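What follows is the content of entry_5.cif, which has mmCIF, C-alpha atoms:
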```
data_work
#
loop_
_atom_site.label_atom_id
_atom_site.label_comp_id
_atom_site.auth_asym_id
_atom_site.auth_seq_id
_atom_site.Cartn_x
_atom_site.Cartn_y
_atom_site.Cartn_z
CA MET A 17 8.08 22.71 -17.19
CA GLY A 18 5.22 20.71 -15.78
CA VAL A 19 5.09 18.62 -12.62
CA PRO A 20 4.12 15.00 -13.30
CA ALA A 21 1.81 13.02 -11.05
CA ALA A 22 4.58 10.53 -10.21
CA ARG A 23 8.25 9.99 -10.95
CA ILE A 24 10.25 6.81 -10.42
CA VAL A 25 13.76 7.68 -9.23
CA PHE A 26 16.83 5.60 -10.13
CA ASP A 27 19.94 7.74 -10.40
CA GLU A 28 23.06 6.79 -12.35
CA SER A 29 24.63 4.94 -9.42
CA ASP A 30 21.41 2.96 -8.90
CA ARG A 31 21.28 2.00 -12.57
CA THR A 32 24.92 0.93 -12.50
CA ALA A 33 24.38 -1.21 -9.41
CA VAL A 34 21.30 -2.85 -10.94
CA ALA A 35 23.15 -3.53 -14.20
CA GLU A 36 26.00 -5.20 -12.31
CA ALA A 37 23.55 -7.33 -10.34
CA VAL A 38 21.71 -8.38 -13.50
CA ALA A 39 25.00 -9.34 -15.16
CA GLU A 40 25.83 -11.48 -12.13
CA ILE A 41 22.42 -13.16 -12.18
CA LEU A 42 22.58 -13.90 -15.89
CA ALA A 43 26.11 -15.25 -15.58
CA THR A 44 25.19 -17.64 -12.78
CA GLY A 45 21.78 -18.63 -14.15
CA ALA A 46 20.21 -18.35 -10.67
CA MET A 47 17.05 -16.59 -11.82
CA THR A 48 14.67 -17.25 -8.95
CA LEU A 49 14.86 -17.86 -5.18
CA GLY A 50 18.59 -17.22 -5.22
CA PRO A 51 21.01 -15.04 -3.26
CA TRP A 52 19.48 -11.70 -4.28
CA THR A 53 16.10 -12.72 -2.92
CA GLY A 54 17.76 -13.57 0.39
CA ARG A 55 19.67 -10.28 0.46
CA PHE A 56 16.53 -8.28 -0.25
CA GLU A 57 14.57 -10.14 2.44
CA GLN A 58 17.27 -9.60 5.04
CA ALA A 59 17.69 -5.91 4.23
CA PHE A 60 13.96 -5.17 4.22
CA ALA A 61 13.44 -7.01 7.50
CA ALA A 62 16.34 -5.11 9.10
CA GLU A 63 14.97 -1.78 7.85
CA HIS A 64 11.69 -2.47 9.67
CA GLY A 65 13.05 -4.23 12.76
CA ALA A 66 11.42 -7.54 11.80
CA SER A 67 12.72 -11.03 12.43
CA HIS A 68 11.49 -12.62 9.21
CA ALA A 69 10.76 -11.52 5.63
CA VAL A 70 9.43 -13.47 2.66
CA ALA A 71 9.70 -11.95 -0.82
CA VAL A 72 6.81 -12.70 -3.18
CA SER A 73 5.45 -11.63 -6.54
CA SER A 74 3.23 -8.72 -5.42
CA GLY A 75 1.72 -6.95 -2.46
CA THR A 76 -1.58 -8.64 -3.26
CA SER A 77 -0.03 -12.10 -3.12
CA ALA A 78 1.73 -11.15 0.12
CA LEU A 79 -1.63 -10.36 1.71
CA GLU A 80 -3.34 -13.42 0.25
CA ILE A 81 -0.61 -15.73 1.52
CA VAL A 82 -0.92 -14.33 5.04
CA LEU A 83 -4.69 -14.79 4.92
CA ARG A 84 -4.25 -18.36 3.72
CA THR A 85 -1.91 -19.14 6.60
CA VAL A 86 -4.53 -17.76 9.01
CA GLY A 87 -7.30 -19.82 7.43
CA VAL A 88 -10.09 -17.48 6.34
CA ARG A 89 -11.96 -19.78 3.93
CA ASP A 90 -15.73 -19.40 4.30
CA ARG A 91 -15.21 -16.90 7.12
CA ASP A 92 -15.36 -13.10 7.51
CA VAL A 93 -12.42 -10.72 7.21
CA VAL A 94 -12.88 -7.07 8.19
CA VAL A 95 -11.36 -4.59 5.75
CA PRO A 96 -11.66 -0.77 5.60
CA ALA A 97 -13.77 0.88 2.92
CA VAL A 98 -10.93 3.27 2.03
CA THR A 99 -8.40 1.04 0.33
CA PHE A 100 -7.46 -0.43 -3.04
CA TYR A 101 -9.51 -3.31 -4.41
CA ALA A 102 -6.60 -5.70 -3.82
CA THR A 103 -7.22 -5.62 -0.05
CA ALA A 104 -10.64 -7.19 -0.56
CA GLY A 105 -9.47 -9.16 -3.59
CA ALA A 106 -6.88 -10.99 -1.50
CA VAL A 107 -9.64 -11.94 0.96
CA LEU A 108 -11.81 -13.29 -1.87
CA HIS A 109 -8.98 -15.28 -3.45
CA ALA A 110 -8.10 -16.75 -0.05
CA GLY A 111 -11.71 -17.96 0.18
CA GLY A 112 -12.94 -15.43 2.72
CA ARG A 113 -15.80 -12.94 2.82
CA PRO A 114 -14.84 -9.25 3.07
CA VAL A 115 -16.78 -7.32 5.70
CA ILE A 116 -16.33 -3.68 4.75
CA ALA A 117 -16.06 -1.19 7.62
CA ASP A 118 -16.17 2.60 7.77
CA VAL A 119 -13.06 4.60 8.67
CA ASP A 120 -11.88 7.44 10.85
CA PRO A 121 -11.73 10.45 8.48
CA ALA A 122 -8.74 11.81 10.42
CA THR A 123 -6.57 8.81 9.52
CA LEU A 124 -8.45 7.07 6.66
CA ALA A 125 -8.01 3.89 8.72
CA LEU A 126 -10.20 1.64 10.81
CA SER A 127 -11.07 2.99 14.24
CA PRO A 128 -11.92 0.88 17.29
CA GLU A 129 -15.55 1.99 16.87
CA THR A 130 -15.83 1.10 13.18
CA LEU A 131 -14.02 -2.18 13.75
CA ALA A 132 -16.28 -3.15 16.65
CA ALA A 133 -19.33 -2.47 14.47
CA ALA A 134 -17.98 -4.79 11.74
CA LEU A 135 -16.87 -7.77 13.84
CA THR A 136 -19.05 -10.86 13.54
CA PRO A 137 -19.11 -14.21 15.35
CA ASP A 138 -17.38 -15.65 12.27
CA THR A 139 -14.57 -13.08 11.91
CA ALA A 140 -11.31 -14.80 11.04
CA ALA A 141 -9.01 -11.76 10.65
CA VAL A 142 -8.85 -7.98 10.48
CA VAL A 143 -6.84 -6.07 7.88
CA LEU A 144 -5.56 -2.61 8.85
CA VAL A 145 -4.45 -0.46 5.91
CA HIS A 146 -1.89 2.37 6.26
CA ILE A 147 -3.20 4.72 3.58
CA GLY A 148 -0.57 7.03 2.09
CA GLY A 149 1.98 5.87 4.66
CA LEU A 150 0.04 7.10 7.72
CA ILE A 151 -0.21 4.79 10.74
CA THR A 152 -3.22 5.42 12.95
CA PRO A 153 -2.39 6.10 16.62
CA ALA A 154 -5.30 3.77 17.44
CA VAL A 155 -3.32 0.76 16.20
CA ASP A 156 -2.67 -0.62 19.70
CA ASP A 157 -6.35 -0.27 20.57
CA LEU A 158 -7.25 -2.07 17.35
CA ARG A 159 -4.79 -4.85 18.19
CA ALA A 160 -6.23 -5.13 21.70
CA LEU A 161 -9.77 -5.40 20.29
CA CYS A 162 -8.63 -8.14 17.91
CA ASP A 163 -6.90 -9.97 20.75
CA ARG A 164 -10.07 -9.88 22.86
CA HIS A 165 -11.97 -11.49 20.00
CA GLY A 166 -9.24 -14.00 19.28
CA VAL A 167 -8.56 -12.85 15.72
CA PRO A 168 -5.25 -11.75 14.17
CA LEU A 169 -4.55 -8.20 13.05
CA ILE A 170 -2.87 -8.12 9.63
CA GLU A 171 -1.31 -4.98 8.19
CA ASP A 172 -1.77 -4.02 4.56
CA ALA A 173 1.37 -1.89 4.50
CA ALA A 174 1.50 -1.56 0.71
CA HIS A 175 1.95 2.22 1.10
CA ALA A 176 4.04 2.27 4.24
CA HIS A 177 7.69 1.36 3.53
CA GLY A 178 9.71 2.97 6.30
CA SER A 179 6.73 4.58 8.06
CA SER A 180 6.60 4.31 11.84
CA LEU A 181 4.56 5.16 14.91
CA ASN A 182 6.34 5.97 18.17
CA GLY A 183 9.47 4.35 16.79
CA ARG A 184 7.79 1.11 15.69
CA ALA A 185 7.87 0.35 11.99
CA ALA A 186 4.92 -0.46 9.79
CA GLY A 187 4.49 -4.21 9.62
CA SER A 188 5.32 -4.74 13.30
CA PHE A 189 1.92 -4.13 14.92
CA GLY A 190 0.09 -7.30 13.92
CA LEU A 191 0.68 -10.93 13.08
CA ALA A 192 2.22 -9.92 9.75
CA GLY A 193 2.59 -7.00 7.37
CA ALA A 194 2.17 -7.16 3.59
CA PHE A 195 4.16 -4.67 1.47
CA SER A 196 4.02 -3.85 -2.25
CA PHE A 197 6.87 -2.92 -4.59
CA TYR A 198 4.72 -1.68 -7.47
CA PRO A 199 6.73 0.86 -9.51
CA THR A 200 5.17 3.96 -7.93
CA LYS A 201 6.00 2.92 -4.34
CA VAL A 202 8.65 4.79 -2.33
CA THR A 203 11.01 1.91 -3.06
CA THR A 204 10.30 -0.54 -5.85
CA SER A 205 11.50 -3.80 -7.31
CA GLY A 206 9.50 -3.25 -10.50
CA GLU A 207 6.92 -5.80 -9.38
CA GLY A 208 6.91 -7.68 -6.11
CA GLY A 209 5.84 -7.83 -2.50
CA MET A 210 7.14 -8.71 0.95
CA ILE A 211 5.73 -10.34 4.07
CA LEU A 212 7.16 -9.27 7.43
CA THR A 213 6.43 -11.27 10.57
CA GLU A 214 7.79 -12.34 13.94
CA SER A 215 6.31 -15.81 13.43
CA ALA A 216 8.77 -18.41 12.17
CA GLU A 217 5.83 -20.72 11.52
CA LEU A 218 4.11 -18.17 9.28
CA ARG A 219 7.42 -17.48 7.51
CA ASP A 220 7.92 -21.17 6.73
CA GLU A 221 4.35 -21.63 5.52
CA ALA A 222 4.57 -18.50 3.35
CA ARG A 223 7.72 -19.85 1.69
CA ILE A 224 5.83 -23.01 0.80
CA TYR A 225 2.81 -21.14 -0.55
CA ARG A 226 4.93 -18.87 -2.80
CA ASP A 227 6.56 -21.82 -4.59
CA GLN A 228 3.55 -23.82 -5.77
CA GLY A 229 3.07 -25.36 -2.33
CA LYS A 230 6.25 -27.44 -2.55
CA GLY A 231 7.72 -28.76 0.67
CA SER A 232 11.18 -27.75 -0.55
CA PHE A 233 12.64 -25.93 -3.54
CA SER A 234 14.35 -29.00 -5.02
CA THR A 235 11.47 -31.51 -4.68
CA ASN A 236 8.22 -32.13 -6.52
CA HIS A 237 6.24 -32.88 -3.35
CA HIS A 238 3.38 -30.42 -2.93
CA VAL A 239 2.03 -30.07 0.60
CA LEU A 240 -0.08 -26.88 0.34
CA PRO A 241 -2.32 -25.44 -2.41
CA GLY A 242 0.25 -22.84 -3.37
CA TYR A 243 0.75 -20.80 -6.50
CA SER A 244 3.52 -19.21 -8.56
CA TRP A 245 4.11 -16.33 -6.16
CA ARG A 246 7.92 -16.20 -6.36
CA MET A 247 9.88 -12.98 -6.78
CA SER A 248 12.45 -13.25 -9.56
CA GLU A 249 16.10 -12.61 -8.80
CA LEU A 250 16.02 -9.69 -11.24
CA ASN A 251 13.24 -8.02 -9.28
CA ALA A 252 14.97 -8.78 -5.98
CA ALA A 253 18.17 -7.13 -7.20
CA VAL A 254 16.30 -3.99 -8.26
CA GLY A 255 14.53 -3.91 -4.89
CA ALA A 256 17.70 -4.43 -2.89
CA VAL A 257 19.45 -1.59 -4.70
CA HIS A 258 16.50 0.80 -4.40
CA LEU A 259 16.00 0.02 -0.72
CA ARG A 260 19.37 1.61 0.02
CA ARG A 261 17.78 4.97 -0.81
CA LEU A 262 14.71 4.58 1.42
CA LYS A 263 15.77 6.92 4.25
CA GLU A 264 16.93 9.57 1.77
CA PHE A 265 13.70 9.34 -0.21
CA ILE A 266 11.56 9.64 2.90
CA GLU A 267 13.42 12.75 4.07
CA THR A 268 12.81 14.41 0.69
CA ARG A 269 9.13 13.48 0.69
CA ARG A 270 8.66 14.71 4.26
CA ALA A 271 10.20 18.07 3.34
CA VAL A 272 7.72 18.37 0.46
CA ALA A 273 4.83 17.53 2.80
CA ARG A 274 5.95 20.17 5.33
CA ARG A 275 5.89 22.83 2.62
CA TYR A 276 2.43 21.76 1.51
CA ASP A 277 1.19 21.80 5.10
CA GLU A 278 2.32 25.36 5.71
CA ALA A 279 1.30 26.74 2.33
CA LEU A 280 -2.05 25.18 1.57
CA ALA A 281 -3.97 24.64 4.80
CA GLY A 282 -6.51 27.25 5.84
CA PRO A 283 -10.21 27.88 6.26
CA ASP A 284 -10.77 28.20 2.50
CA GLY A 285 -8.03 25.85 1.35
CA LEU A 286 -7.29 22.17 1.24
CA GLU A 287 -7.72 20.11 4.39
CA PRO A 288 -4.64 17.88 4.66
CA VAL A 289 -5.06 14.46 6.22
CA ALA A 290 -2.63 15.36 8.98
CA GLU A 291 0.18 13.16 10.21
CA PRO A 292 -0.95 11.87 13.63
CA VAL A 293 1.09 12.60 16.73
CA GLY A 294 3.83 9.99 17.02
CA CYS A 295 3.55 8.95 13.38
CA ARG A 296 6.45 9.41 10.98
CA SER A 297 4.95 8.94 7.53
CA ASN A 298 6.90 8.16 4.39
CA TYR A 299 4.40 10.35 2.51
CA TYR A 300 3.88 7.84 -0.24
CA LYS A 301 0.85 10.02 -0.86
CA TYR A 302 0.03 13.53 0.30
CA VAL A 303 -3.71 13.29 0.81
CA ALA A 304 -5.91 16.35 1.24
CA LEU A 305 -9.63 17.02 1.12
CA LEU A 306 -11.15 19.58 -1.21
CA PRO A 307 -13.66 22.03 0.21
CA ARG A 308 -17.21 20.78 -0.18
CA GLY A 309 -18.70 21.97 -3.42
CA VAL A 310 -15.45 22.00 -5.39
CA ASP A 311 -15.61 19.63 -8.34
CA ARG A 312 -12.58 17.32 -8.24
CA ALA A 313 -12.53 16.64 -11.97
CA ASP A 314 -12.49 20.38 -12.72
CA PHE A 315 -9.81 20.94 -10.07
CA LYS A 316 -7.52 18.33 -11.61
CA ARG A 317 -8.23 19.37 -15.19
CA ILE A 318 -7.49 23.06 -14.61
CA ALA A 319 -4.36 22.29 -12.60
CA ALA A 320 -3.05 20.17 -15.48
CA GLU A 321 -4.15 22.23 -18.47
CA GLU A 322 -3.48 25.72 -17.16
CA HIS A 323 -0.69 25.18 -14.62
CA GLY A 324 1.15 22.04 -15.79
CA VAL A 325 0.55 20.21 -12.50
CA ARG A 326 -0.79 16.69 -12.80
CA LEU A 327 -2.32 15.01 -9.79
CA SER A 328 -2.13 11.26 -9.32
CA GLY A 329 -5.12 9.03 -8.78
CA GLU A 330 -6.87 9.30 -5.46
CA VAL A 331 -6.55 6.83 -2.58
CA TYR A 332 -9.26 6.18 -3.42
CA ASP A 333 -12.08 7.80 -5.43
CA LEU A 334 -14.56 4.95 -4.89
CA PRO A 335 -14.81 3.16 -1.53
CA LEU A 336 -14.81 -0.62 -1.50
CA HIS A 337 -18.49 -1.04 -0.69
CA LEU A 338 -19.41 0.89 -3.84
CA GLN A 339 -17.14 -1.09 -6.16
CA PRO A 340 -19.36 -3.03 -8.60
CA VAL A 341 -17.42 -6.27 -8.16
CA LEU A 342 -18.08 -6.17 -4.39
CA ALA A 343 -21.79 -5.32 -4.59
CA ARG A 344 -22.83 -8.53 -2.84
CA TYR A 345 -20.82 -7.48 0.25
CA ARG A 346 -22.45 -4.05 0.55
CA ARG A 347 -23.92 -3.51 4.03
CA GLY A 348 -25.34 -0.03 3.69
CA PRO A 349 -23.92 3.50 3.68
CA LEU A 350 -20.51 4.18 5.19
CA PRO A 351 -20.67 7.97 5.46
CA ALA A 352 -17.11 8.82 6.49
CA ALA A 353 -15.58 6.72 3.72
CA GLU A 354 -18.00 8.08 1.14
CA ASP A 355 -17.21 11.67 2.10
CA VAL A 356 -13.42 11.38 2.07
CA CYS A 357 -13.38 9.35 -1.14
CA ALA A 358 -15.53 11.99 -2.86
CA ARG A 359 -13.29 14.91 -1.81
CA GLN A 360 -9.74 13.65 -1.55
CA VAL A 361 -6.91 14.55 -3.90
CA CYS A 362 -3.23 13.58 -3.86
CA LEU A 363 -0.68 16.27 -4.56
CA PRO A 364 2.54 15.29 -6.36
CA VAL A 365 5.28 14.00 -4.06
CA HIS A 366 8.47 12.71 -5.68
CA SER A 367 11.54 11.26 -4.04
CA ASP A 368 13.71 13.83 -5.86
CA MET A 369 11.26 16.72 -5.96
CA THR A 370 12.83 20.14 -6.37
CA GLU A 371 11.87 23.32 -4.53
CA ASP A 372 10.78 24.88 -7.83
CA GLU A 373 8.42 21.97 -8.48
CA VAL A 374 6.96 22.24 -4.98
CA GLU A 375 6.34 25.97 -5.45
CA GLN A 376 4.73 25.34 -8.83
CA VAL A 377 2.30 22.92 -7.17
CA VAL A 378 1.56 25.37 -4.34
CA GLU A 379 0.87 28.21 -6.78
CA ALA A 380 -1.28 26.02 -9.02
CA VAL A 381 -3.39 24.60 -6.22
CA SER A 382 -3.90 28.03 -4.65
CA ALA A 383 -4.94 29.55 -7.97
CA VAL A 384 -7.35 26.77 -8.87
CA LEU A 385 -8.96 26.82 -5.42
CA ARG A 386 -9.49 30.59 -5.64
CA ARG A 387 -11.19 30.08 -8.98
CA LEU A 388 -13.43 27.19 -7.96
CA ALA A 389 -14.21 27.72 -4.29
#
```

Rewrite the structure of this file - the entire thing - as structure tokens.
Amino acid sequence: MGVPAARIVFDESDRTAVAEAVAEILATGAMTLGPWTGRFEQAFAAEHGASHAVAVSSGTSALEIVLRTVGVRDRDVVVPAVTFYATAGAVLHAGGRPVIADVDPATLALSPETLAAALTPDTAAVVLVHIGGLITPAVDDLRALCDRHGVPLIEDAAHAHGSSLNGRAAGSFGLAGAFSFYPTKVTTSGEGGMILTESAELRDEARIYRDQGKGSFSTNHHVLPGYSWRMSELNAAVGAVHLRRLKEFIETRRAVARRYDEALAGPDGLEPVAEPVGCRSNYYKYVALLPRGVDRADFKRIAAEEHGVRLSGEVYDLPLHLQPVLARYRRGPLPAAEDVCARQVCLPVHSDMTEDEVEQVVEAVSAVLRRLA
């Protein structure tokens, strides 16, 4: 049997709980901004030690709403080159200008040095991305640099449900954290996103933005240029049920990562992007760098065709500054980002991965590297 690139895990008890919640929602007719949304918000906030949570339609809208509350229109927002397009897309849709910075290859995140080089007199915000669930140990230094320049640090925590650094959860290091519940995430609501913050003012403004800018749910008085960014009750119920499994899923994924670490690292093998000291990653992705000279397309093709192991998409194969849609924001070469994006691969990590599947991946990767290196 092959090992797929990703697997979305809802066991029989999860499916039963979701079905019961859906029946309740359909019986009551409360399809949006109802009790399940509140339950999901409260549970997700509690899981991450946050005071406030606002459920929205996607991780992208979560980030855009935070940027709108900050006020980035016609101003600069620093984003890392190693991230999904949505990080920069949220800046653009909020009216800002993405300033794309290089990254620390050890963490795939902004470093104090790359951030300092990207700050401008017109910087309105900085977005720190936790790629694959890793939180950089430089996060406090990044926050301090932002504070000195009077700009907020915002976390794109789309990958980082349940990740932590020195006991502090993702989403707690800046003004706000934006999470995604896209189906492949460690926990999912099908589609959806969440904003975590300690700011009651930001929470209240985000609730207005998500519901077409209305001052209250039951009125037709629009006080902000909002949009239809609500999370449906059906999605909230799925998310609330799946969230109950978060700790269990993370333990399974961390066990897979430990096996990969011990089996695949070496002078002629893959170079894992190591978990920093103090970080406890959820291993949404297990990111590793191929040796220079190994063709990634051949590596993935042979692993799939000859060994039945399919690797997911990279995070990411093309850095932001080389994305065609962002060409006008290109500032020159960003060598660290270009190198890691050219060489990185993501090994399969599932929330219910078996030991046999892990060994199949280890054997496949080792065999393909011996052939290509």

* Asked: What do you get, as a ChimeraX atom specification, if you spell out every residue that the PyMOL selection byres ((chain A and resi 298) around 12) selects here?
  -> /A:146-151,173-181,185-186,201-203,262-273,291,295-297,299-302,365-367

* **Residue members of the PyMOL selection byres ((chain A and resi 358) around 12) in the file shown, as a list in words** =>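 On the file shown, the PyMOL selection byres ((chain A and resi 358) around 12) covers Val98, Ala304, Leu305, Leu306, Pro307, Arg308, Gly309, Val310, Asp311, Arg312, Ala313, Glu330, Val331, Tyr332, Asp333, Leu334, Pro335, Leu338, Pro351, Ala352, Ala353, Glu354, Asp355, Val356, Cys357, Arg359, Gln360 and Val361 of chain A.
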
* To do: Return the single residue from A:Gly206, A:Gly183, A:Pro168, A:Gly54 that is closest to A:Ile24, with distances computed using only C-alpha atoms.
  =>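 Going through A:Gly206, A:Gly183, A:Pro168, A:Gly54 one by one, the smallest distance to A:Ile24 is for A:Gly206.
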
* To do: Write out as a VMD selection string each polymer residue whose atoms come within 10 Å of A:Phe26, counting all atoms listed in the file; drop sequence neighbours fewer than 3 positions from it.
  => chain A and resid 23 29 to 32 34 203 to 204 254 257 to 258 261 367 to 368

* Counting all atoms listed in the file, which of A:Ala61, A:Ile41, A:Val293, A:Ala78 gets nearest to A:Leu259? -> A:Ala61

Give me stretch 294-303 of chain A with all heavy atoms filled in, as a PDB file, in the coordinates of the input.
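Saved as selection.pdb:
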```pdb
ATOM      1  N   GLY A 294       3.080  11.234  16.859  1.00  0.00           N
ATOM      2  CA  GLY A 294       3.830   9.990  17.020  1.00  0.00           C
ATOM      3  C   GLY A 294       4.101   9.266  15.720  1.00  0.00           C
ATOM      4  O   GLY A 294       4.967   8.390  15.667  1.00  0.00           O
ATOM      5  N   CYS A 295       3.355   9.620  14.676  1.00  0.00           N
ATOM      6  CA  CYS A 295       3.550   8.950  13.380  1.00  0.00           C
ATOM      7  C   CYS A 295       4.646   9.661  12.590  1.00  0.00           C
ATOM      8  O   CYS A 295       4.751  10.892  12.604  1.00  0.00           O
ATOM      9  CB  CYS A 295       2.255   8.956  12.579  1.00  0.00           C
ATOM     10  SG  CYS A 295       2.406   8.248  10.918  1.00  0.00           S
ATOM     11  N   ARG A 296       5.454   8.872  11.903  1.00  0.00           N
ATOM     12  CA  ARG A 296       6.450   9.410  10.980  1.00  0.00           C
ATOM     13  C   ARG A 296       6.181   8.767   9.624  1.00  0.00           C
ATOM     14  O   ARG A 296       6.624   7.661   9.338  1.00  0.00           O
ATOM     15  CB  ARG A 296       7.869   9.123  11.452  1.00  0.00           C
ATOM     16  CG  ARG A 296       8.936   9.887  10.681  1.00  0.00           C
ATOM     17  CD  ARG A 296      10.320   9.698  11.281  1.00  0.00           C
ATOM     18  NE  ARG A 296      11.281  10.600  10.671  1.00  0.00           N
ATOM     19  CZ  ARG A 296      11.858  10.369   9.489  1.00  0.00           C
ATOM     20  NH1 ARG A 296      11.589   9.270   8.811  1.00  0.00           N
ATOM     21  NH2 ARG A 296      12.727  11.242   8.999  1.00  0.00           N
ATOM     22  N   SER A 297       5.405   9.479   8.816  1.00  0.00           N
ATOM     23  CA  SER A 297       4.950   8.940   7.530  1.00  0.00           C
ATOM     24  C   SER A 297       6.061   9.012   6.485  1.00  0.00           C
ATOM     25  O   SER A 297       6.904   9.911   6.509  1.00  0.00           O
ATOM     26  CB  SER A 297       3.734   9.713   7.042  1.00  0.00           C
ATOM     27  OG  SER A 297       3.333   9.280   5.758  1.00  0.00           O
ATOM     28  N   ASN A 298       6.015   8.086   5.548  1.00  0.00           N
ATOM     29  CA  ASN A 298       6.900   8.160   4.390  1.00  0.00           C
ATOM     30  C   ASN A 298       6.328   9.067   3.300  1.00  0.00           C
ATOM     31  O   ASN A 298       6.987   9.320   2.301  1.00  0.00           O
ATOM     32  CB  ASN A 298       7.182   6.771   3.812  1.00  0.00           C
ATOM     33  CG  ASN A 298       5.943   6.105   3.218  1.00  0.00           C
ATOM     34  OD1 ASN A 298       4.854   6.677   3.181  1.00  0.00           O
ATOM     35  ND2 ASN A 298       6.099   4.869   2.755  1.00  0.00           N
ATOM     36  N   TYR A 299       5.096   9.535   3.488  1.00  0.00           N
ATOM     37  CA  TYR A 299       4.400  10.350   2.510  1.00  0.00           C
ATOM     38  C   TYR A 299       4.442   9.730   1.116  1.00  0.00           C
ATOM     39  O   TYR A 299       4.749  10.392   0.126  1.00  0.00           O
ATOM     40  CB  TYR A 299       4.895  11.802   2.525  1.00  0.00           C
ATOM     41  CG  TYR A 299       4.265  12.574   3.671  1.00  0.00           C
ATOM     42  CD1 TYR A 299       4.979  12.826   4.838  1.00  0.00           C
ATOM     43  CD2 TYR A 299       2.952  12.995   3.593  1.00  0.00           C
ATOM     44  CE1 TYR A 299       4.392  13.497   5.900  1.00  0.00           C
ATOM     45  CE2 TYR A 299       2.359  13.658   4.655  1.00  0.00           C
ATOM     46  CZ  TYR A 299       3.074  13.907   5.805  1.00  0.00           C
ATOM     47  OH  TYR A 299       2.474  14.559   6.838  1.00  0.00           O
ATOM     48  N   TYR A 300       4.107   8.453   1.076  1.00  0.00           N
ATOM     49  CA  TYR A 300       3.880   7.840  -0.240  1.00  0.00           C
ATOM     50  C   TYR A 300       2.828   8.652  -0.993  1.00  0.00           C
ATOM     51  O   TYR A 300       2.936   8.841  -2.211  1.00  0.00           O
ATOM     52  CB  TYR A 300       3.427   6.390  -0.063  1.00  0.00           C
ATOM     53  CG  TYR A 300       2.926   5.759  -1.334  1.00  0.00           C
ATOM     54  CD1 TYR A 300       3.757   5.649  -2.451  1.00  0.00           C
ATOM     55  CD2 TYR A 300       1.623   5.285  -1.445  1.00  0.00           C
ATOM     56  CE1 TYR A 300       3.302   5.086  -3.628  1.00  0.00           C
ATOM     57  CE2 TYR A 300       1.166   4.717  -2.619  1.00  0.00           C
ATOM     58  CZ  TYR A 300       2.005   4.611  -3.714  1.00  0.00           C
ATOM     59  OH  TYR A 300       1.535   4.068  -4.885  1.00  0.00           O
ATOM     60  N   LYS A 301       1.832   9.114  -0.286  1.00  0.00           N
ATOM     61  CA  LYS A 301       0.850  10.020  -0.860  1.00  0.00           C
ATOM     62  C   LYS A 301       0.665  11.209   0.088  1.00  0.00           C
ATOM     63  O   LYS A 301       0.696  11.044   1.313  1.00  0.00           O
ATOM     64  CB  LYS A 301      -0.509   9.337  -1.046  1.00  0.00           C
ATOM     65  CG  LYS A 301      -0.514   8.174  -2.024  1.00  0.00           C
ATOM     66  CD  LYS A 301      -0.434   8.645  -3.458  1.00  0.00           C
ATOM     67  CE  LYS A 301      -0.623   7.478  -4.425  1.00  0.00           C
ATOM     68  NZ  LYS A 301      -0.585   7.934  -5.845  1.00  0.00           N
ATOM     69  N   TYR A 302       0.459  12.380  -0.481  1.00  0.00           N
ATOM     70  CA  TYR A 302       0.030  13.530   0.300  1.00  0.00           C
ATOM     71  C   TYR A 302      -1.448  13.708   0.023  1.00  0.00           C
ATOM     72  O   TYR A 302      -1.846  14.182  -1.039  1.00  0.00           O
ATOM     73  CB  TYR A 302       0.808  14.789  -0.081  1.00  0.00           C
ATOM     74  CG  TYR A 302       0.465  15.982   0.799  1.00  0.00           C
ATOM     75  CD1 TYR A 302       1.206  16.255   1.939  1.00  0.00           C
ATOM     76  CD2 TYR A 302      -0.615  16.812   0.497  1.00  0.00           C
ATOM     77  CE1 TYR A 302       0.891  17.330   2.763  1.00  0.00           C
ATOM     78  CE2 TYR A 302      -0.943  17.876   1.305  1.00  0.00           C
ATOM     79  CZ  TYR A 302      -0.191  18.130   2.442  1.00  0.00           C
ATOM     80  OH  TYR A 302      -0.506  19.180   3.266  1.00  0.00           O
ATOM     81  N   VAL A 303      -2.264  13.309   0.987  1.00  0.00           N
ATOM     82  CA  VAL A 303      -3.710  13.290   0.810  1.00  0.00           C
ATOM     83  C   VAL A 303      -4.313  14.523   1.450  1.00  0.00           C
ATOM     84  O   VAL A 303      -3.996  14.869   2.594  1.00  0.00           O
ATOM     85  CB  VAL A 303      -4.331  12.023   1.434  1.00  0.00           C
ATOM     86  CG1 VAL A 303      -5.811  11.944   1.106  1.00  0.00           C
ATOM     87  CG2 VAL A 303      -3.605  10.766   0.946  1.00  0.00           C
TER      88      VAL A 303
END
```
